[in-house]
>>> print(open('final-v2.txt').read())   # compact mmCIF, C-alpha atoms and all ligand atoms
# COMPACT_ATOMS: atom_id res chain seq x y z
CA ALA A 1 -141.61 138.98 175.56
CA TYR A 2 -140.57 135.37 175.05
CA MET A 3 -137.16 134.01 174.21
CA LEU A 4 -137.47 131.25 171.66
CA ASN A 5 -134.39 129.12 172.00
CA THR A 6 -134.29 127.60 168.50
CA GLN A 7 -132.40 127.84 165.21
CA SER A 8 -135.20 126.91 162.82
CA PHE A 9 -138.40 125.82 164.57
CA GLY A 10 -140.69 128.82 164.92
CA GLN A 11 -138.31 131.27 163.31
CA ARG A 12 -141.24 131.96 161.01
CA ILE A 13 -144.69 131.86 162.62
CA VAL A 14 -147.90 132.77 160.82
CA VAL A 15 -150.64 133.64 163.32
CA LEU A 16 -154.23 133.55 162.08
CA ASP A 17 -157.37 134.62 163.87
CA SER A 18 -159.70 132.09 162.28
CA THR A 19 -158.98 129.50 159.62
CA VAL A 20 -160.48 126.31 158.22
CA SER A 21 -157.51 124.14 159.23
CA THR A 22 -153.91 125.13 159.92
CA GLN A 23 -152.93 121.92 158.06
CA GLN A 24 -154.16 123.45 154.81
CA ASP A 25 -152.41 126.75 155.49
CA ALA A 26 -149.13 125.03 156.30
CA MET A 27 -149.41 122.89 153.15
CA ARG A 28 -149.86 126.00 151.08
CA LEU A 29 -146.74 127.56 152.65
CA ALA A 30 -144.79 124.33 152.10
CA GLU A 31 -145.85 124.32 148.43
CA GLU A 32 -144.44 127.85 148.21
CA GLY A 33 -141.13 126.59 149.57
CA ALA A 34 -141.41 127.34 153.30
CA GLN A 35 -138.51 125.97 155.34
CA GLN A 36 -138.58 123.22 157.93
CA GLY A 37 -139.85 124.63 161.21
CA THR A 38 -142.28 127.11 159.65
CA VAL A 39 -145.36 127.29 161.90
CA VAL A 40 -149.02 128.20 161.42
CA LEU A 41 -151.11 128.98 164.50
CA ALA A 42 -154.79 129.85 164.70
CA GLU A 43 -157.02 131.11 167.49
CA GLU A 44 -159.82 128.93 166.10
CA GLN A 45 -160.36 126.43 163.30
CA THR A 46 -163.73 126.12 161.62
CA ALA A 47 -163.02 122.61 160.30
CA GLY A 48 -160.07 121.24 162.28
CA ARG A 49 -159.09 117.77 161.09
CA GLY A 50 -158.29 114.72 163.17
CA ARG A 51 -156.89 111.34 162.21
CA LEU A 52 -158.96 108.86 160.22
CA GLY A 53 -161.20 111.57 158.79
CA ARG A 54 -162.47 112.73 162.16
CA LYS A 55 -163.24 116.35 163.06
CA TRP A 56 -161.09 118.16 165.61
CA PHE A 57 -162.92 120.46 168.03
CA SER A 58 -160.93 123.74 167.96
CA PRO A 59 -162.72 126.42 170.01
CA ARG A 60 -161.51 130.01 169.92
CA GLY A 61 -158.70 131.01 172.25
CA LYS A 62 -158.77 127.85 174.34
CA GLY A 63 -156.18 125.68 172.72
CA ILE A 64 -153.03 125.46 170.67
CA TRP A 65 -153.98 124.65 167.08
CA MET A 66 -150.69 124.46 165.28
CA SER A 67 -149.11 123.01 162.16
CA ILE A 68 -145.37 122.70 161.52
CA VAL A 69 -143.65 122.20 158.16
CA LEU A 70 -141.14 119.32 158.22
CA ARG A 71 -138.73 118.53 155.41
CA PRO A 72 -137.38 115.07 156.13
CA SER A 73 -134.62 113.63 153.99
CA GLN A 74 -135.73 110.02 154.58
CA PRO A 75 -138.06 108.03 152.30
CA LEU A 76 -141.77 107.66 152.90
CA ALA A 77 -141.36 104.48 154.95
CA PHE A 78 -139.86 106.59 157.74
CA THR A 79 -142.79 108.95 158.27
CA PRO A 80 -144.27 106.85 161.14
CA GLN A 81 -141.08 107.72 163.00
CA LEU A 82 -141.85 111.43 162.58
CA THR A 83 -145.29 110.89 164.06
CA LEU A 84 -143.76 109.29 167.13
CA LEU A 85 -141.05 111.95 167.33
CA THR A 86 -143.67 114.70 167.40
CA GLY A 87 -145.55 112.93 170.21
CA VAL A 88 -142.34 112.71 172.23
CA ALA A 89 -141.57 116.41 171.75
CA VAL A 90 -145.06 117.61 172.72
CA CYS A 91 -145.23 115.26 175.70
CA ARG A 92 -141.89 116.54 177.00
CA ALA A 93 -142.98 120.17 176.52
CA ILE A 94 -146.26 119.63 178.41
CA ARG A 95 -144.50 117.90 181.31
CA ARG A 96 -141.73 120.51 181.51
CA LEU A 97 -143.99 123.55 181.32
CA THR A 98 -147.09 122.44 183.23
CA GLY A 99 -146.00 119.52 185.38
CA VAL A 100 -149.00 117.57 184.06
CA GLU A 101 -147.86 113.97 183.61
CA ALA A 102 -149.21 113.35 180.12
CA GLY A 103 -148.45 109.95 178.61
CA ILE A 104 -148.40 108.79 174.98
CA LYS A 105 -151.00 106.35 173.73
CA TRP A 106 -150.10 104.57 170.52
CA PRO A 107 -149.50 106.01 168.07
CA ASN A 108 -149.50 109.50 169.50
CA ASP A 109 -152.50 110.65 171.45
CA LEU A 110 -151.44 112.33 174.67
CA LEU A 111 -153.54 111.24 177.61
CA VAL A 112 -153.92 112.35 181.22
CA HIS A 113 -155.83 110.00 183.52
CA GLY A 114 -157.10 108.16 180.45
CA ARG A 115 -158.48 111.27 178.77
CA LYS A 116 -157.12 112.85 175.63
CA VAL A 117 -155.39 116.22 176.05
CA CYS A 118 -153.60 116.40 172.68
CA GLY A 119 -153.88 114.88 169.22
CA ILE A 120 -151.25 114.76 166.51
CA LEU A 121 -151.85 114.42 162.79
CA LEU A 122 -148.90 113.86 160.48
CA GLU A 123 -149.64 114.32 156.80
CA SER A 124 -147.16 113.81 153.97
CA ALA A 125 -147.06 115.11 150.44
CA THR A 126 -145.23 112.71 148.15
CA GLU A 127 -144.03 112.49 144.58
CA ASP A 128 -142.73 109.23 143.06
CA GLN A 129 -142.43 107.60 146.51
CA ARG A 130 -140.39 110.54 147.76
CA VAL A 131 -141.48 112.83 150.57
CA ARG A 132 -141.73 116.41 149.42
CA TYR A 133 -142.67 117.63 152.88
CA CYS A 134 -144.67 116.64 155.93
CA ILE A 135 -147.03 118.70 158.05
CA ALA A 136 -147.10 117.90 161.75
CA GLY A 137 -150.47 119.03 163.11
CA ILE A 138 -150.69 119.45 166.86
CA GLY A 139 -153.91 120.16 168.75
CA ILE A 140 -153.56 120.75 172.50
CA ASP A 141 -156.57 121.34 174.75
CA VAL A 142 -154.93 124.00 176.91
CA ASN A 143 -157.46 126.21 178.71
CA LEU A 144 -160.80 124.54 178.06
CA ASN A 145 -163.13 124.27 181.03
CA THR A 146 -165.29 121.21 181.62
CA GLU A 147 -168.35 123.04 180.31
CA ASP A 148 -166.59 123.95 177.05
CA TYR A 149 -166.71 120.33 175.89
CA PRO A 150 -169.65 119.23 173.79
CA GLU A 151 -171.58 116.30 175.22
CA GLU A 152 -169.90 113.66 173.04
CA LEU A 153 -166.38 114.70 174.09
CA SER A 154 -167.03 115.34 177.77
CA ARG A 155 -165.94 111.90 178.93
CA LEU A 156 -163.12 111.49 176.41
CA GLY A 157 -161.31 114.82 176.55
CA THR A 158 -159.58 116.90 179.17
CA SER A 159 -157.48 120.06 179.21
CA LEU A 160 -154.22 121.07 180.80
CA LYS A 161 -156.12 123.69 182.81
CA ILE A 162 -158.49 121.08 184.21
CA GLU A 163 -155.58 118.77 185.06
CA ALA A 164 -153.21 121.42 186.43
CA GLY A 165 -155.91 123.40 188.23
CA ARG A 166 -154.68 126.67 186.77
CA GLU A 167 -154.68 128.65 183.53
CA ILE A 168 -151.70 127.72 181.29
CA ASP A 169 -149.73 130.33 179.32
CA ARG A 170 -150.23 129.24 175.69
CA THR A 171 -147.32 131.28 174.33
CA ALA A 172 -144.89 129.71 176.78
CA LEU A 173 -146.15 126.24 175.86
CA ILE A 174 -145.82 126.95 172.13
CA ALA A 175 -142.21 127.99 172.71
CA ALA A 176 -141.56 124.81 174.74
CA VAL A 177 -143.07 122.62 171.99
CA LEU A 178 -140.91 124.27 169.32
CA GLU A 179 -137.76 123.91 171.44
CA GLU A 180 -138.46 120.24 172.13
CA MET A 181 -139.26 119.62 168.44
CA GLU A 182 -135.93 121.10 167.43
CA GLN A 183 -134.03 119.09 170.05
CA VAL A 184 -135.70 115.77 169.30
CA CYS A 185 -135.28 116.36 165.53
CA ALA A 186 -131.57 117.03 166.11
CA LEU A 187 -131.25 113.81 168.13
CA TYR A 188 -132.99 111.93 165.31
CA ALA A 189 -130.75 113.48 162.65
CA ASP A 190 -127.56 112.71 164.62
CA GLN A 191 -128.30 109.30 166.11
CA GLY A 192 -131.25 107.91 164.19
CA PHE A 193 -134.53 106.59 165.50
CA LYS A 194 -133.25 104.37 168.36
CA PRO A 195 -132.88 107.09 171.04
CA VAL A 196 -136.22 108.63 169.99
CA ALA A 197 -137.87 105.21 170.35
CA MET A 198 -136.39 104.92 173.85
CA LEU A 199 -137.86 108.30 174.82
CA TRP A 200 -141.22 107.25 173.34
CA GLU A 201 -141.24 103.97 175.28
CA ALA A 202 -140.46 105.81 178.53
CA LEU A 203 -143.31 108.31 178.01
CA SER A 204 -145.80 105.78 176.69
CA VAL A 205 -148.88 104.55 178.50
CA THR A 206 -149.28 101.79 175.89
CA MET A 207 -146.10 99.87 176.78
CA ASN A 208 -146.67 96.54 178.55
CA ARG A 209 -150.41 96.96 178.21
CA PHE A 210 -152.87 94.66 176.50
CA VAL A 211 -153.92 96.23 173.24
CA ARG A 212 -156.15 95.56 170.28
CA ALA A 213 -154.85 97.04 167.10
CA HIS A 214 -155.62 97.11 163.42
CA THR A 215 -152.70 95.91 161.33
CA GLY A 216 -153.53 98.01 158.30
CA GLN A 217 -154.12 94.80 156.31
CA GLY A 218 -157.65 94.77 157.63
CA SER A 219 -157.00 92.32 160.44
CA VAL A 220 -157.01 92.90 164.17
CA VAL A 221 -154.29 91.77 166.61
CA GLU A 222 -154.58 91.42 170.34
CA GLY A 223 -151.67 91.15 172.70
CA THR A 224 -149.19 92.99 174.86
CA ALA A 225 -147.40 96.06 173.52
CA VAL A 226 -143.71 95.28 173.99
CA GLY A 227 -142.02 98.18 172.23
CA LEU A 228 -141.21 99.87 168.95
CA ASP A 229 -139.30 98.19 166.14
CA PRO A 230 -136.60 100.09 164.20
CA SER A 231 -139.15 101.38 161.68
CA GLY A 232 -141.42 102.85 164.36
CA ALA A 233 -144.03 100.09 164.22
CA LEU A 234 -145.53 98.94 167.52
CA VAL A 235 -144.58 95.36 168.36
CA VAL A 236 -147.46 93.41 169.88
CA GLU A 237 -146.87 89.99 171.42
CA THR A 238 -149.84 87.65 171.17
CA LYS A 239 -150.82 85.00 173.74
CA GLN A 240 -149.17 82.43 171.46
CA GLY A 241 -145.92 84.35 171.76
CA GLU A 242 -145.98 85.59 168.21
CA ARG A 243 -144.64 89.10 167.65
CA ILE A 244 -146.64 91.21 165.22
CA GLN A 245 -145.82 94.68 163.96
CA VAL A 246 -148.54 97.29 163.90
CA VAL A 247 -148.00 100.28 161.65
CA SER A 248 -149.81 103.52 162.42
CA GLY A 249 -152.39 104.48 159.83
CA ASP A 250 -151.16 107.86 158.78
CA ILE A 251 -152.72 109.70 155.94
CA GLN A 252 -151.19 110.37 152.55
CA LEU A 253 -152.22 113.69 151.06
CA GLN A 254 -152.87 114.06 147.36
CA VAL A 255 -151.60 117.42 146.30
C1 LIG A 301 -156.16 113.43 166.17
O1 LIG A 301 -155.95 113.12 167.35
O2 LIG A 301 -157.03 112.88 165.52
C2 LIG A 301 -155.27 114.48 165.54
C3 LIG A 301 -155.77 115.88 165.82
C4 LIG A 301 -154.90 116.95 165.20
C5 LIG A 301 -155.45 118.35 165.41
C6 LIG A 301 -154.54 119.43 164.94
S1 LIG A 301 -155.08 121.04 165.44
C7 LIG A 301 -153.91 121.78 164.37
C8 LIG A 301 -153.90 120.97 163.10
N1 LIG A 301 -154.94 121.45 162.18
C9 LIG A 301 -155.88 120.52 161.99
O3 LIG A 301 -156.88 120.67 161.26
N2 LIG A 301 -155.60 119.41 162.69
C10 LIG A 301 -154.35 119.54 163.44
>>> encode(input="final-v2.txt", output="structure tokens")
Amino acid sequence: AYMLNTQSFGQRIVVLDSTVSTQQDAMRLAEEGAQQGTVVLAEEQTAGRGRLGRKWFSPRGKGIWMSIVLRPSQPLAFTPQLTLLTGVAVCRAIRRLTGVEAGIKWPNDLLVHGRKVCGILLESATEDQRVRYCIAGIGIDVNLNTEDYPEELSRLGTSLKIEAGREIDRTALIAAVLEEMEQVCALYADQGFKPVAMLWEALSVTMNRFVRAHTGQGSVVEGTAVGLDPSGALVVETKQGERIQVVSGDIQLQV
């Protein structure tokens, strides 16, 4: 038995054996009025979704494939902050539970030794510029072995088991993620984005590194990542000393 130390996150959890994508299932629940913190988990996804239209490899029983309903009160412009908040919460949970020193790569891939161990997909459903709800999708490669990775992912991905050298208890990690989500959301609600940005900067592997990023306006910037601005955009300082904001390309869902 597990104690889940939360008020709302994970107080309702729908566990599925196999599904297309937990994002779709969570959206359906949100449309039916599910509260913030409602969770959908699946043992496997047959068409897991990644950012930018990519597929997400979601083999049976090896990972945490999870979607959480969020009901933010802020306008749409603030959803990049939720993406970063989710990355902070999952990174803290992984470090606390497994000791694996995952770091956050902009906007919110979690890396260990340069390989991706977790991806986060934040999708929003809007109406007249207002956010009706968001779905935070979290995919963690927990107990995959090296040979479980298909050829094209074998150099890019890693799992907590590979990095920790032992099997990781998925249920305990799910509980840790939900506890951290609730705590970081409470911090955000009480004190705004600033303290969350500070946590992100401290956990980030992108800070003070040379980066190449797409601005969203179709152009590419190169420079040093110097921090997050109050909206959650990454601030990149070019060689010429110009500071440019890079906004993460999160997806808007049409409902
Ligand atoms: C990425 O790095 O591109 C984001 C990957 C997000 C994967 C998770 S797994 C649970 C949820 N359901 C999905 O179909 N995608 C997200």
>>> atom_distance(input="final-v2.txt", atom1="CA of Met27 (chain A)", atom2="atom C2 of ligand LIG 301 (chain A)")
16.1 Å
>>> atom_distance(input="final-v2.txt", atom1="CA of Tyr149 (chain A)", atom2="CA of Val100 (chain A)")
19.7 Å
>>> axis_aligned_box(input="final-v2.txt", around="ligand LIG 301 (chain A)", padding_each_side="5 Å", output="lines of an AutoDock Vina configuration file")
center_x = -155.5
center_y = 117.3
center_z = 164.3
size_x = 13.1
size_y = 18.9
size_z = 16.1
>>> residues_around(input="final-v2.txt", residues="Cys134 (chain A)", least_positions_apart="6", cutoff="8 Å", atoms="only C-alpha atoms", output="mmCIF file with C-alpha atoms, in the coordinates of the input")
data_model
loop_
_atom_site.group_PDB
_atom_site.id
_atom_site.type_symbol
_atom_site.label_atom_id
_atom_site.label_comp_id
_atom_site.auth_asym_id
_atom_site.auth_seq_id
_atom_site.Cartn_x
_atom_site.Cartn_y
_atom_site.Cartn_z
ATOM 1 C CA VAL A 69 -143.650 122.200 158.160
ATOM 2 C CA LEU A 70 -141.140 119.320 158.220
ATOM 3 C CA ARG A 71 -138.730 118.530 155.410
ATOM 4 C CA PRO A 72 -137.380 115.070 156.130
ATOM 5 C CA LEU A 122 -148.900 113.860 160.480
ATOM 6 C CA GLU A 123 -149.640 114.320 156.800
ATOM 7 C CA SER A 124 -147.160 113.810 153.970
ATOM 8 C CA ALA A 125 -147.060 115.110 150.440
#
>>> residues_around(input="final-v2.txt", residues="Ala176 (chain A)", least_positions_apart="6", cutoff="9 Å", atoms="all atoms listed in the file", output="PyMOL selection string")
chain A and resi 4-5+89-90+92-94+96-97
>>> write_last_selection(input="final-v2.txt", atoms="C-alpha atoms", output="PDB file, in the coordinates of the input")
ATOM      1  CA  LEU A   4    -137.470 131.250 171.660  1.00  0.00           C
ATOM      2  CA  ASN A   5    -134.390 129.120 172.000  1.00  0.00           C
ATOM      3  CA  ALA A  89    -141.570 116.410 171.750  1.00  0.00           C
ATOM      4  CA  VAL A  90    -145.060 117.610 172.720  1.00  0.00           C
ATOM      5  CA  ARG A  92    -141.890 116.540 177.000  1.00  0.00           C
ATOM      6  CA  ALA A  93    -142.980 120.170 176.520  1.00  0.00           C
ATOM      7  CA  ILE A  94    -146.260 119.630 178.410  1.00  0.00           C
ATOM      8  CA  ARG A  96    -141.730 120.510 181.510  1.00  0.00           C
ATOM      9  CA  LEU A  97    -143.990 123.550 181.320  1.00  0.00           C
TER      10      LEU A  97
END
>>> residues_around(input="final-v2.txt", residues="Ile13 (chain A)", least_positions_apart="2", cutoff="6 Å", atoms="all atoms listed in the file", output="ChimeraX atom specification")
/A:10,39-40
>>> residues_around(input="final-v2.txt", residues="Glu44 (chain A)", least_positions_apart="2", cutoff="9 Å", atoms="only C-alpha atoms", output="list in words")
Leu16, Asp17, Ser18, Thr19, Val20, Ser21, Leu41, Ala42, Thr46, Gly48, Ser58, Pro59, Arg60, Gly61, Lys62, Gly63, Ile64 and Trp65 of chain A
>>> closest_residue(input="final-v2.txt", among="A:Gln191, A:Arg115, A:Gly232, A:Ile120", to="Ser154 (chain A)", atoms="all atoms listed in the file")
A:Arg115
>>> closest_atom_pairs(input="final-v2.txt", of="chain A", to="ligand LIG 301 (chain A)", cutoff="6 Å", atoms="all atoms listed in the file", output="CSV")
residue,atom,partner,partner_atom,distance
A:Ser21,CA,A:LIG301,O3,4.1
A:Thr22,CA,A:LIG301,N1,4.4
A:Gln23,CA,A:LIG301,N1,4.6
A:Gly48,CA,A:LIG301,O3,3.4
A:Arg49,CA,A:LIG301,O3,3.7
A:Gly50,CA,A:LIG301,O2,3.2
A:Arg51,CA,A:LIG301,O2,3.7
A:Trp56,CA,A:LIG301,C5,5.6
A:Trp65,CA,A:LIG301,C7,3.9
A:Met66,CA,A:LIG301,C7,4.3
A:Ser67,CA,A:LIG301,C8,5.3
A:Asp109,CA,A:LIG301,O1,5.9
A:Gly119,CA,A:LIG301,O1,3.3
A:Ile120,CA,A:LIG301,C2,4.1
A:Leu121,CA,A:LIG301,C2,4.4
A:Gly137,CA,A:LIG301,C10,3.9
A:Ile138,CA,A:LIG301,C6,4.3
A:Gly139,CA,A:LIG301,S1,3.6
>>> atom_distance(input="final-v2.txt", atom1="CA of Asp141 (chain A)", atom2="CA of Arg166 (chain A)")
13.3 Å
>>> closest_residue(input="final-v2.txt", among="A:Asn145, A:Thr86, A:Gln81, A:Gln35", to="Met181 (chain A)", atoms="only C-alpha atoms")
A:Thr86
>>> closest_residue(input="final-v2.txt", among="A:Ala233, A:Ile104, A:Val184, A:Ile168", to="Met207 (chain A)", atoms="all atoms listed in the file")
A:Ile104
>>> closest_residue(input="final-v2.txt", among="A:Lys55, A:Arg209, A:Arg12, A:Arg170", to="Thr38 (chain A)", atoms="only C-alpha atoms")
A:Arg12
>>> closest_residue(input="final-v2.txt", among="A:Val112, A:Val177, A:Leu187, A:Ile135", to="Gly157 (chain A)", atoms="all atoms listed in the file")
A:Val112
>>> closest_residue(input="final-v2.txt", among="A:Gln74, A:Thr238, A:Gln36, A:Thr206", to="Val221 (chain A)", atoms="all atoms listed in the file")
A:Thr238
>>> decode(input="final-v2.txt", residues="region 81-185 of chain A", atoms="C-alpha atoms", output="PDB file, in the first residue's frame")
ATOM      1  CA  GLN A  81       4.891  28.455 -17.357  1.00  0.00           C
ATOM      2  CA  LEU A  82       2.856  25.299 -16.708  1.00  0.00           C
ATOM      3  CA  THR A  83       5.117  23.359 -19.049  1.00  0.00           C
ATOM      4  CA  LEU A  84       8.161  24.465 -17.077  1.00  0.00           C
ATOM      5  CA  LEU A  85       6.410  23.831 -13.759  1.00  0.00           C
ATOM      6  CA  THR A  86       5.673  20.244 -14.774  1.00  0.00           C
ATOM      7  CA  GLY A  87       9.321  19.695 -15.737  1.00  0.00           C
ATOM      8  CA  VAL A  88      10.433  20.983 -12.342  1.00  0.00           C
ATOM      9  CA  ALA A  89       8.023  18.695 -10.478  1.00  0.00           C
ATOM     10  CA  VAL A  90       8.994  15.547 -12.401  1.00  0.00           C
ATOM     11  CA  CYS A  91      12.707  16.326 -12.147  1.00  0.00           C
ATOM     12  CA  ARG A  92      12.432  16.759  -8.368  1.00  0.00           C
ATOM     13  CA  ALA A  93      10.465  13.500  -8.044  1.00  0.00           C
ATOM     14  CA  ILE A  94      13.032  11.533 -10.069  1.00  0.00           C
ATOM     15  CA  ARG A  95      15.945  12.917  -8.043  1.00  0.00           C
ATOM     16  CA  ARG A  96      14.208  12.354  -4.699  1.00  0.00           C
ATOM     17  CA  LEU A  97      13.038   8.817  -5.417  1.00  0.00           C
ATOM     18  CA  THR A  98      15.862   7.368  -7.505  1.00  0.00           C
ATOM     19  CA  GLY A  99      18.889   9.550  -6.826  1.00  0.00           C
ATOM     20  CA  VAL A 100      19.395   9.828 -10.595  1.00  0.00           C
ATOM     21  CA  GLU A 101      20.562  13.387 -11.286  1.00  0.00           C
ATOM     22  CA  ALA A 102      18.234  14.224 -14.154  1.00  0.00           C
ATOM     23  CA  GLY A 103      18.491  17.756 -15.544  1.00  0.00           C
ATOM     24  CA  ILE A 104      16.010  19.826 -17.551  1.00  0.00           C
ATOM     25  CA  LYS A 105      16.744  20.684 -21.160  1.00  0.00           C
ATOM     26  CA  TRP A 106      14.731  23.571 -22.548  1.00  0.00           C
ATOM     27  CA  PRO A 107      11.828  23.556 -22.585  1.00  0.00           C
ATOM     28  CA  ASN A 108      11.293  20.409 -20.584  1.00  0.00           C
ATOM     29  CA  ASP A 109      13.008  17.255 -21.692  1.00  0.00           C
ATOM     30  CA  LEU A 110      14.648  15.517 -18.760  1.00  0.00           C
ATOM     31  CA  LEU A 111      18.123  14.273 -19.585  1.00  0.00           C
ATOM     32  CA  VAL A 112      20.681  12.070 -17.867  1.00  0.00           C
ATOM     33  CA  HIS A 113      24.196  12.111 -19.311  1.00  0.00           C
ATOM     34  CA  GLY A 114      22.815  13.816 -22.410  1.00  0.00           C
ATOM     35  CA  ARG A 115      20.158  11.180 -23.048  1.00  0.00           C
ATOM     36  CA  LYS A 116      16.437  11.695 -22.714  1.00  0.00           C
ATOM     37  CA  VAL A 117      14.736   9.901 -19.821  1.00  0.00           C
ATOM     38  CA  CYS A 118      11.428  11.813 -19.783  1.00  0.00           C
ATOM     39  CA  GLY A 119       9.337  13.923 -22.139  1.00  0.00           C
ATOM     40  CA  ILE A 120       6.551  16.324 -21.259  1.00  0.00           C
ATOM     41  CA  LEU A 121       3.723  17.436 -23.520  1.00  0.00           C
ATOM     42  CA  LEU A 122       1.417  20.211 -22.377  1.00  0.00           C
ATOM     43  CA  GLU A 123      -1.739  20.613 -24.418  1.00  0.00           C
ATOM     44  CA  SER A 124      -4.402  23.262 -23.863  1.00  0.00           C
ATOM     45  CA  ALA A 125      -8.036  23.427 -24.837  1.00  0.00           C
ATOM     46  CA  THR A 126      -9.155  27.012 -25.307  1.00  0.00           C
ATOM     47  CA  GLU A 127     -12.308  28.969 -25.995  1.00  0.00           C
ATOM     48  CA  ASP A 128     -12.246  32.687 -26.898  1.00  0.00           C
ATOM     49  CA  GLN A 129      -8.603  33.020 -25.771  1.00  0.00           C
ATOM     50  CA  ARG A 130      -9.457  31.470 -22.423  1.00  0.00           C
ATOM     51  CA  VAL A 131      -8.002  28.216 -21.163  1.00  0.00           C
ATOM     52  CA  ARG A 132     -10.696  25.669 -20.477  1.00  0.00           C
ATOM     53  CA  TYR A 133      -8.197  23.111 -19.227  1.00  0.00           C
ATOM     54  CA  CYS A 134      -4.698  21.822 -19.878  1.00  0.00           C
ATOM     55  CA  ILE A 135      -3.432  18.261 -20.044  1.00  0.00           C
ATOM     56  CA  ALA A 136       0.083  17.668 -18.781  1.00  0.00           C
ATOM     57  CA  GLY A 137       1.399  14.519 -20.458  1.00  0.00           C
ATOM     58  CA  ILE A 138       4.384  12.884 -18.815  1.00  0.00           C
ATOM     59  CA  GLY A 139       6.323   9.975 -20.299  1.00  0.00           C
ATOM     60  CA  ILE A 140       9.104   8.523 -18.133  1.00  0.00           C
ATOM     61  CA  ASP A 141      11.355   5.703 -19.333  1.00  0.00           C
ATOM     62  CA  VAL A 142      11.490   3.857 -16.018  1.00  0.00           C
ATOM     63  CA  ASN A 143      12.449   0.198 -16.399  1.00  0.00           C
ATOM     64  CA  LEU A 144      13.465  -0.142 -20.037  1.00  0.00           C
ATOM     65  CA  ASN A 145      16.599  -2.152 -20.714  1.00  0.00           C
ATOM     66  CA  THR A 146      19.090  -1.146 -23.391  1.00  0.00           C
ATOM     67  CA  GLU A 147      17.747  -3.825 -25.726  1.00  0.00           C
ATOM     68  CA  ASP A 148      14.167  -2.544 -25.392  1.00  0.00           C
ATOM     69  CA  TYR A 149      15.026   0.564 -27.417  1.00  0.00           C
ATOM     70  CA  PRO A 150      14.446   0.471 -31.150  1.00  0.00           C
ATOM     71  CA  GLU A 151      17.531   1.225 -33.218  1.00  0.00           C
ATOM     72  CA  GLU A 152      16.640   4.878 -33.865  1.00  0.00           C
ATOM     73  CA  LEU A 153      16.241   5.669 -30.151  1.00  0.00           C
ATOM     74  CA  SER A 154      19.157   3.657 -28.797  1.00  0.00           C
ATOM     75  CA  ARG A 155      21.608   6.549 -28.757  1.00  0.00           C
ATOM     76  CA  LEU A 156      19.074   9.210 -27.750  1.00  0.00           C
ATOM     77  CA  GLY A 157      17.148   7.583 -24.925  1.00  0.00           C
ATOM     78  CA  THR A 158      17.936   6.094 -21.558  1.00  0.00           C
ATOM     79  CA  SER A 159      15.933   4.787 -18.611  1.00  0.00           C
ATOM     80  CA  LEU A 160      16.060   5.290 -14.871  1.00  0.00           C
ATOM     81  CA  LYS A 161      16.856   1.581 -14.496  1.00  0.00           C
ATOM     82  CA  ILE A 162      19.850   1.863 -16.816  1.00  0.00           C
ATOM     83  CA  GLU A 163      21.078   4.975 -14.995  1.00  0.00           C
ATOM     84  CA  ALA A 164      20.386   3.792 -11.437  1.00  0.00           C
ATOM     85  CA  GLY A 165      21.503   0.212 -12.044  1.00  0.00           C
ATOM     86  CA  ARG A 166      18.385  -1.186 -10.418  1.00  0.00           C
ATOM     87  CA  GLU A 167      14.682  -1.688 -11.072  1.00  0.00           C
ATOM     88  CA  ILE A 168      12.608   1.366 -10.021  1.00  0.00           C
ATOM     89  CA  ASP A 169       9.232   1.054  -8.283  1.00  0.00           C
ATOM     90  CA  ARG A 170       6.835   2.766 -10.706  1.00  0.00           C
ATOM     91  CA  THR A 171       4.044   3.217  -8.159  1.00  0.00           C
ATOM     92  CA  ALA A 172       6.354   4.995  -5.733  1.00  0.00           C
ATOM     93  CA  LEU A 173       7.584   7.278  -8.514  1.00  0.00           C
ATOM     94  CA  ILE A 174       4.023   8.084  -9.617  1.00  0.00           C
ATOM     95  CA  ALA A 175       3.208   9.082  -6.038  1.00  0.00           C
ATOM     96  CA  ALA A 176       6.348  11.251  -5.869  1.00  0.00           C
ATOM     97  CA  VAL A 177       5.460  12.994  -9.154  1.00  0.00           C
ATOM     98  CA  LEU A 178       1.925  13.738  -7.945  1.00  0.00           C
ATOM     99  CA  GLU A 179       3.200  15.077  -4.603  1.00  0.00           C
ATOM    100  CA  GLU A 180       5.753  17.317  -6.308  1.00  0.00           C
ATOM    101  CA  MET A 181       3.141  18.521  -8.820  1.00  0.00           C
ATOM    102  CA  GLU A 182       0.827  19.529  -6.001  1.00  0.00           C
ATOM    103  CA  GLN A 183       3.612  21.295  -4.096  1.00  0.00           C
ATOM    104  CA  VAL A 184       5.004  23.187  -7.081  1.00  0.00           C
ATOM    105  CA  CYS A 185       1.456  24.154  -8.174  1.00  0.00           C
TER     106      CYS A 185
END
